[in-house]
Structure formats: C-alpha cells, structure tokens
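Here's the structure, in structure tokens; my notes come after.
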Amino acid sequence: MARKKIIQKGDPILSKTSHPVTNFDSKLHTLLNDMKDTLRHIGGAGLAAVQIGILRRVVVVIDDQDEFVELVNPELVETSEEQQDGLEGCLSIAGMYGFVTRPMEATVRAQDRNGNFFTVSGKGIVARCFCHELEHLDGHLFDEHADRLYTEKQLDDLLENAEKDS
Ligand SMILES: [Zn+2]
C-alpha cells in the first residue's frame, strides 16, 4: 500500500470524466488499497480515484460504522428527502468549507473489487459523501453547489455568531 498525493483544485484533471473499470485485476486492487491508505492517513470521509490522478470510476467512502465501502462503477439509483445546508469539504479544496443541500438518504449500485454488483444505502453524512464522491467521477466539485466557501477561521466566527443570535 502507498499513500498518494491529493490533487488540488485548479488541476484540469479534476474536471474530467472518469472511465468505467473493465478489468477487476490486481491493478484495481492496488488502486483501492492505495486510496484507503491515503484516506486513513489524511482523515477524510471519502476519496475518488481522480483525486490521486487516476481517471477511473472508483470511490472509497468511510461509512457510519467507520468501515470502508469500496465502490467501482457506482451509480446513484435512489435518493430521498433533502438535508438542508450541511457543511461539506473536499480533500481537493483543502481548508475550505461550504454549505450544500444533499439528499437525506442515497442508494448506490456499484461493483466490488471482483466485479460483483451490490447496492448500498447511506443516511446523513454517508449519503452526503456518496453524492459528493460520485460527482468527482463526472468532473464536478462540491463548490459548484455552495453559495460561498469559508476558511476554518471564518466558519468558527460564523458558528460563534449564530450561537450568540440564538
Ligand atoms: Zn471531494
């Protein structure tokens, strides 16, 4: 396993569409292992292969049991309800956060590392993460949905003021 560098916004690769995986071989397994190693090391909630420079439809998400979910060729098949204005960040937009509306629940159909199809559902943060990571595969970043981005400091001030107001 190897930790990879996360590509940052501004690099044109992040706007590209990732290609479907057709070979479920050791190269894919190495990619998934490297992505998990990188994600654990950095402490993020999800990672798409394009973020380490690989244009393949591969995503790794950490679920609410703190377990890895490996998604190969994932498709969003069902979403329900909205969760308003959840705070979101991205390893490729380091240090910046924004409020984004996402579904409360999301169901994804994907293949595992051996090519077997399965469906997985997530709620709350996990649903948010599924939606966020799948968008990376089509060249989109979360800041497209956010009115503005905040630094950690700005966010602290904002939340502090919100507390005072309430
Ligand atoms: Zn991201």
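Every chain in the structure tokens takes a letter, A first, then B, and so on in the order presented; its residues are numbered from 1, and the ligands are numbered from 1 following the presented order.
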
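Once only C-alpha atoms and all ligand atoms are used for the distance check, the residues close to ligand 1 at 9 Å turn out to be Gly46, Leu47, Ala48, Gln51, Glu88, Gly89, Cys90, Leu91, Ser92, Ile93, Cys129, His132, Glu133, Glu135, His136, His140, Leu141 and Phe142 of chain A.
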
Within 7 Å of segment 75-87 of chain A using only C-alpha atoms, minus same-chain residues under 3 positions, as a ChimeraX atom specification: /A:97-110

Selected residues, N, CA, C and O atoms, written as a CSV table (one decimal), in the first residue's frame, please.
```
chain,number,residue,atom,x,y,z
A,97,TYR,N,-14.6,25.2,3.2
A,97,TYR,CA,-15.8,24.5,3.5
A,97,TYR,C,-17.0,25.3,3.0
A,97,TYR,O,-16.9,26.5,2.9
A,98,GLY,N,-18.1,24.6,2.7
A,98,GLY,CA,-19.3,25.3,2.2
A,98,GLY,C,-20.5,24.5,2.6
A,98,GLY,O,-20.5,23.3,3.0
A,99,PHE,N,-21.7,25.2,2.6
A,99,PHE,CA,-23.0,24.6,2.9
A,99,PHE,C,-23.6,24.1,1.6
A,99,PHE,O,-23.8,24.9,0.7
A,100,VAL,N,-24.0,22.8,1.6
A,100,VAL,CA,-24.5,22.2,0.4
A,100,VAL,C,-25.8,21.4,0.8
A,100,VAL,O,-25.8,20.7,1.8
A,101,THR,N,-26.8,21.5,0.0
A,101,THR,CA,-28.0,20.7,0.2
A,101,THR,C,-27.8,19.3,-0.5
A,101,THR,O,-27.4,19.3,-1.7
A,102,ARG,N,-28.1,18.3,0.2
A,102,ARG,CA,-27.9,16.9,-0.3
A,102,ARG,C,-29.1,16.1,0.1
A,102,ARG,O,-29.9,16.5,1.0
A,103,PRO,N,-29.4,14.9,-0.5
A,103,PRO,CA,-30.4,14.0,-0.1
A,103,PRO,C,-30.1,13.5,1.3
A,103,PRO,O,-29.0,13.3,1.7
A,104,MET,N,-31.2,13.2,2.1
A,104,MET,CA,-31.0,12.6,3.4
A,104,MET,C,-30.6,11.1,3.3
A,104,MET,O,-29.9,10.6,4.2
A,105,GLU,N,-31.1,10.5,2.3
A,105,GLU,CA,-30.7,9.1,2.0
A,105,GLU,C,-30.3,8.9,0.6
A,105,GLU,O,-30.9,9.5,-0.3
A,106,ALA,N,-29.3,8.1,0.4
A,106,ALA,CA,-28.9,7.8,-1.0
A,106,ALA,C,-28.6,6.3,-1.2
A,106,ALA,O,-27.9,5.7,-0.3
A,107,THR,N,-29.0,5.7,-2.2
A,107,THR,CA,-28.7,4.3,-2.5
A,107,THR,C,-27.9,4.3,-3.8
A,107,THR,O,-28.2,4.9,-4.8
A,108,VAL,N,-26.8,3.5,-3.7
A,108,VAL,CA,-25.8,3.4,-4.8
A,108,VAL,C,-25.7,2.0,-5.2
A,108,VAL,O,-25.7,1.0,-4.4
A,109,ARG,N,-25.7,1.8,-6.5
A,109,ARG,CA,-25.4,0.4,-7.1
A,109,ARG,C,-24.0,0.5,-7.7
A,109,ARG,O,-23.7,1.4,-8.4
A,110,ALA,N,-23.2,-0.5,-7.3
A,110,ALA,CA,-21.8,-0.5,-7.7
A,110,ALA,C,-21.3,-1.9,-7.9
A,110,ALA,O,-22.1,-2.9,-7.6
```

Test item: residues at most 12 Å from His41 of chain A, only C-alpha atoms, excluding those fewer than 3 positions along its chain, as a list in words: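 Close residues of His41 of chain A: Met1, Ala2, Arg3, Lys4, Lys5, Ile6, Asp34, Met35, Lys36, Asp37, Thr38, Gly44, Ala45, Gly46, Leu47 and Leu91 of chain A.
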
Contact residues around Ser18 of chain A with only C-alpha atoms at 12 Å, ignoring same-chain residues under 5 positions, as a PyMOL selection string: chain A and resi 13+48-51+53-59+72-74+133-140

Chain A: residues DSSP assigns to strand (DSSP E or B), reported as number ranges by chain: A: 19, 46-48, 56, 58-62, 68-89, 96-111, 117-123, 150-151

Neighbour list for Asp64 of chain A as a ChimeraX atom specification, cut-off 10 Å, only C-alpha atoms, skip fewer than 4 positions in-chain: /A:45,68,122-126

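When only C-alpha atoms are used to measure the gap to Met96 of chain A, the shortest distance among A:Leu39, A:Leu158, A:Leu149, A:Ile7 belongs to A:Leu149.
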
Write out as a PDB file with N, CA and C atoms, in the first residue's frame the set of residues from chain A that DSSP, computed on the backbone, places in alpha helix (DSSP H).
```pdb
ATOM      1  N   SER A  26      -5.420  -7.093 -10.337  1.00  0.00           N
ATOM      2  CA  SER A  26      -4.577  -6.677  -9.219  1.00  0.00           C
ATOM      3  C   SER A  26      -4.275  -5.188  -9.275  1.00  0.00           C
ATOM      4  N   LYS A  27      -4.303  -4.616 -10.481  1.00  0.00           N
ATOM      5  CA  LYS A  27      -4.062  -3.177 -10.613  1.00  0.00           C
ATOM      6  C   LYS A  27      -5.186  -2.392  -9.921  1.00  0.00           C
ATOM      7  N   LEU A  28      -6.418  -2.864 -10.088  1.00  0.00           N
ATOM      8  CA  LEU A  28      -7.561  -2.231  -9.417  1.00  0.00           C
ATOM      9  C   LEU A  28      -7.445  -2.401  -7.905  1.00  0.00           C
ATOM     10  N   HIS A  29      -7.054  -3.592  -7.483  1.00  0.00           N
ATOM     11  CA  HIS A  29      -6.933  -3.866  -6.046  1.00  0.00           C
ATOM     12  C   HIS A  29      -5.866  -2.971  -5.412  1.00  0.00           C
ATOM     13  N   THR A  30      -4.765  -2.768  -6.123  1.00  0.00           N
ATOM     14  CA  THR A  30      -3.707  -1.883  -5.632  1.00  0.00           C
ATOM     15  C   THR A  30      -4.228  -0.453  -5.532  1.00  0.00           C
ATOM     16  N   LEU A  31      -4.983  -0.028  -6.546  1.00  0.00           N
ATOM     17  CA  LEU A  31      -5.557   1.324  -6.534  1.00  0.00           C
ATOM     18  C   LEU A  31      -6.464   1.495  -5.313  1.00  0.00           C
ATOM     19  N   LEU A  32      -7.358   0.539  -5.081  1.00  0.00           N
ATOM     20  CA  LEU A  32      -8.276   0.613  -3.933  1.00  0.00           C
ATOM     21  C   LEU A  32      -7.503   0.636  -2.616  1.00  0.00           C
ATOM     22  N   ASN A  33      -6.487  -0.191  -2.514  1.00  0.00           N
ATOM     23  CA  ASN A  33      -5.692  -0.242  -1.284  1.00  0.00           C
ATOM     24  C   ASN A  33      -4.953   1.078  -1.047  1.00  0.00           C
ATOM     25  N   ASP A  34      -4.417   1.640  -2.121  1.00  0.00           N
ATOM     26  CA  ASP A  34      -3.711   2.927  -2.012  1.00  0.00           C
ATOM     27  C   ASP A  34      -4.680   4.037  -1.602  1.00  0.00           C
ATOM     28  N   MET A  35      -5.892   3.991  -2.173  1.00  0.00           N
ATOM     29  CA  MET A  35      -6.892   5.011  -1.835  1.00  0.00           C
ATOM     30  C   MET A  35      -7.286   4.915  -0.365  1.00  0.00           C
ATOM     31  N   LYS A  36      -7.461   3.701   0.141  1.00  0.00           N
ATOM     32  CA  LYS A  36      -7.830   3.512   1.551  1.00  0.00           C
ATOM     33  C   LYS A  36      -6.692   3.967   2.467  1.00  0.00           C
ATOM     34  N   ASP A  37      -5.487   3.640   2.085  1.00  0.00           N
ATOM     35  CA  ASP A  37      -4.311   4.029   2.867  1.00  0.00           C
ATOM     36  C   ASP A  37      -4.219   5.556   2.921  1.00  0.00           C
ATOM     37  N   THR A  38      -4.413   6.185   1.786  1.00  0.00           N
ATOM     38  CA  THR A  38      -4.339   7.648   1.685  1.00  0.00           C
ATOM     39  C   THR A  38      -5.436   8.301   2.523  1.00  0.00           C
ATOM     40  N   LEU A  39      -6.652   7.758   2.403  1.00  0.00           N
ATOM     41  CA  LEU A  39      -7.803   8.329   3.107  1.00  0.00           C
ATOM     42  C   LEU A  39      -7.632   8.223   4.627  1.00  0.00           C
ATOM     43  N   ARG A  40      -7.209   7.062   5.093  1.00  0.00           N
ATOM     44  CA  ARG A  40      -6.982   6.865   6.531  1.00  0.00           C
ATOM     45  C   ARG A  40      -5.926   7.825   7.045  1.00  0.00           C
ATOM     46  N   HIS A  41      -4.863   7.969   6.256  1.00  0.00           N
ATOM     47  CA  HIS A  41      -3.744   8.808   6.676  1.00  0.00           C
ATOM     48  C   HIS A  41      -4.179  10.271   6.793  1.00  0.00           C
ATOM     49  N   ILE A  42      -4.975  10.713   5.808  1.00  0.00           N
ATOM     50  CA  ILE A  42      -5.383  12.119   5.778  1.00  0.00           C
ATOM     51  C   ILE A  42      -6.549  12.380   6.721  1.00  0.00           C
ATOM     52  N   ILE A 125     -24.595  11.889   6.793  1.00  0.00           N
ATOM     53  CA  ILE A 125     -23.248  12.186   6.302  1.00  0.00           C
ATOM     54  C   ILE A 125     -22.807  11.197   5.226  1.00  0.00           C
ATOM     55  N   VAL A 126     -23.222   9.939   5.374  1.00  0.00           N
ATOM     56  CA  VAL A 126     -22.813   8.925   4.392  1.00  0.00           C
ATOM     57  C   VAL A 126     -23.484   9.190   3.038  1.00  0.00           C
ATOM     58  N   ALA A 127     -24.773   9.570   3.063  1.00  0.00           N
ATOM     59  CA  ALA A 127     -25.477   9.929   1.822  1.00  0.00           C
ATOM     60  C   ALA A 127     -24.799  11.125   1.161  1.00  0.00           C
ATOM     61  N   ARG A 128     -24.459  12.100   1.988  1.00  0.00           N
ATOM     62  CA  ARG A 128     -23.745  13.291   1.507  1.00  0.00           C
ATOM     63  C   ARG A 128     -22.433  12.889   0.832  1.00  0.00           C
ATOM     64  N   CYS A 129     -21.742  11.977   1.480  1.00  0.00           N
ATOM     65  CA  CYS A 129     -20.441  11.533   0.985  1.00  0.00           C
ATOM     66  C   CYS A 129     -20.585  10.775  -0.347  1.00  0.00           C
ATOM     67  N   PHE A 130     -21.577   9.892  -0.438  1.00  0.00           N
ATOM     68  CA  PHE A 130     -21.821   9.174  -1.698  1.00  0.00           C
ATOM     69  C   PHE A 130     -22.017  10.172  -2.839  1.00  0.00           C
ATOM     70  N   CYS A 131     -22.894  11.155  -2.610  1.00  0.00           N
ATOM     71  CA  CYS A 131     -23.212  12.136  -3.663  1.00  0.00           C
ATOM     72  C   CYS A 131     -21.976  12.943  -4.052  1.00  0.00           C
ATOM     73  N   HIS A 132     -21.255  13.390  -3.034  1.00  0.00           N
ATOM     74  CA  HIS A 132     -20.048  14.191  -3.258  1.00  0.00           C
ATOM     75  C   HIS A 132     -19.012  13.407  -4.085  1.00  0.00           C
ATOM     76  N   GLU A 133     -18.742  12.184  -3.671  1.00  0.00           N
ATOM     77  CA  GLU A 133     -17.685  11.401  -4.341  1.00  0.00           C
ATOM     78  C   GLU A 133     -18.087  10.998  -5.761  1.00  0.00           C
ATOM     79  N   LEU A 134     -19.370  10.641  -5.951  1.00  0.00           N
ATOM     80  CA  LEU A 134     -19.803  10.245  -7.296  1.00  0.00           C
ATOM     81  C   LEU A 134     -19.711  11.411  -8.277  1.00  0.00           C
ATOM     82  N   GLU A 135     -19.912  12.617  -7.772  1.00  0.00           N
ATOM     83  CA  GLU A 135     -19.794  13.792  -8.649  1.00  0.00           C
ATOM     84  C   GLU A 135     -18.363  13.980  -9.161  1.00  0.00           C
ATOM     85  N   HIS A 136     -17.387  13.595  -8.340  1.00  0.00           N
ATOM     86  CA  HIS A 136     -15.992  13.677  -8.786  1.00  0.00           C
ATOM     87  C   HIS A 136     -15.781  12.881 -10.070  1.00  0.00           C
ATOM     88  N   GLU A 152     -11.568  27.760   7.768  1.00  0.00           N
ATOM     89  CA  GLU A 152     -11.913  27.232   9.092  1.00  0.00           C
ATOM     90  C   GLU A 152     -12.166  28.373  10.088  1.00  0.00           C
ATOM     91  N   LYS A 153     -11.333  29.408   9.983  1.00  0.00           N
ATOM     92  CA  LYS A 153     -11.453  30.572  10.867  1.00  0.00           C
ATOM     93  C   LYS A 153     -12.785  31.288  10.638  1.00  0.00           C
ATOM     94  N   GLN A 154     -13.134  31.522   9.367  1.00  0.00           N
ATOM     95  CA  GLN A 154     -14.401  32.193   9.034  1.00  0.00           C
ATOM     96  C   GLN A 154     -15.591  31.382   9.528  1.00  0.00           C
ATOM     97  N   LEU A 155     -15.434  30.063   9.419  1.00  0.00           N
ATOM     98  CA  LEU A 155     -16.508  29.167   9.830  1.00  0.00           C
ATOM     99  C   LEU A 155     -16.704  29.230  11.351  1.00  0.00           C
ATOM    100  N   ASP A 156     -15.593  29.248  12.081  1.00  0.00           N
ATOM    101  CA  ASP A 156     -15.659  29.365  13.545  1.00  0.00           C
ATOM    102  C   ASP A 156     -16.397  30.637  13.943  1.00  0.00           C
ATOM    103  N   ASP A 157     -16.038  31.755  13.286  1.00  0.00           N
ATOM    104  CA  ASP A 157     -16.679  33.042  13.574  1.00  0.00           C
ATOM    105  C   ASP A 157     -18.164  32.974  13.277  1.00  0.00           C
ATOM    106  N   LEU A 158     -18.489  32.358  12.141  1.00  0.00           N
ATOM    107  CA  LEU A 158     -19.881  32.262  11.702  1.00  0.00           C
ATOM    108  C   LEU A 158     -20.710  31.475  12.717  1.00  0.00           C
ATOM    109  N   LEU A 159     -20.185  30.334  13.147  1.00  0.00           N
ATOM    110  CA  LEU A 159     -20.920  29.474  14.072  1.00  0.00           C
ATOM    111  C   LEU A 159     -21.026  30.124  15.448  1.00  0.00           C
ATOM    112  N   GLU A 160     -19.978  30.853  15.818  1.00  0.00           N
ATOM    113  CA  GLU A 160     -19.984  31.552  17.098  1.00  0.00           C
ATOM    114  C   GLU A 160     -21.081  32.624  17.110  1.00  0.00           C
ATOM    115  N   ASN A 161     -21.167  33.380  16.001  1.00  0.00           N
ATOM    116  CA  ASN A 161     -22.194  34.419  15.888  1.00  0.00           C
ATOM    117  C   ASN A 161     -23.589  33.816  15.864  1.00  0.00           C
ATOM    118  N   ALA A 162     -23.714  32.688  15.199  1.00  0.00           N
ATOM    119  CA  ALA A 162     -25.018  32.014  15.117  1.00  0.00           C
ATOM    120  C   ALA A 162     -25.472  31.607  16.512  1.00  0.00           C
ATOM    121  N   GLU A 163     -24.510  31.166  17.331  1.00  0.00           N
ATOM    122  CA  GLU A 163     -24.826  30.775  18.702  1.00  0.00           C
ATOM    123  C   GLU A 163     -25.312  31.973  19.519  1.00  0.00           C
ATOM    124  N   LYS A 164     -24.623  33.110  19.332  1.00  0.00           N
ATOM    125  CA  LYS A 164     -24.970  34.336  20.053  1.00  0.00           C
ATOM    126  C   LYS A 164     -26.403  34.782  19.701  1.00  0.00           C
ATOM    127  N   ASP A 165     -26.723  34.618  18.410  1.00  0.00           N
ATOM    128  CA  ASP A 165     -28.024  35.058  17.926  1.00  0.00           C
ATOM    129  C   ASP A 165     -29.171  34.193  18.461  1.00  0.00           C
TER     130      ASP A 165
END
```
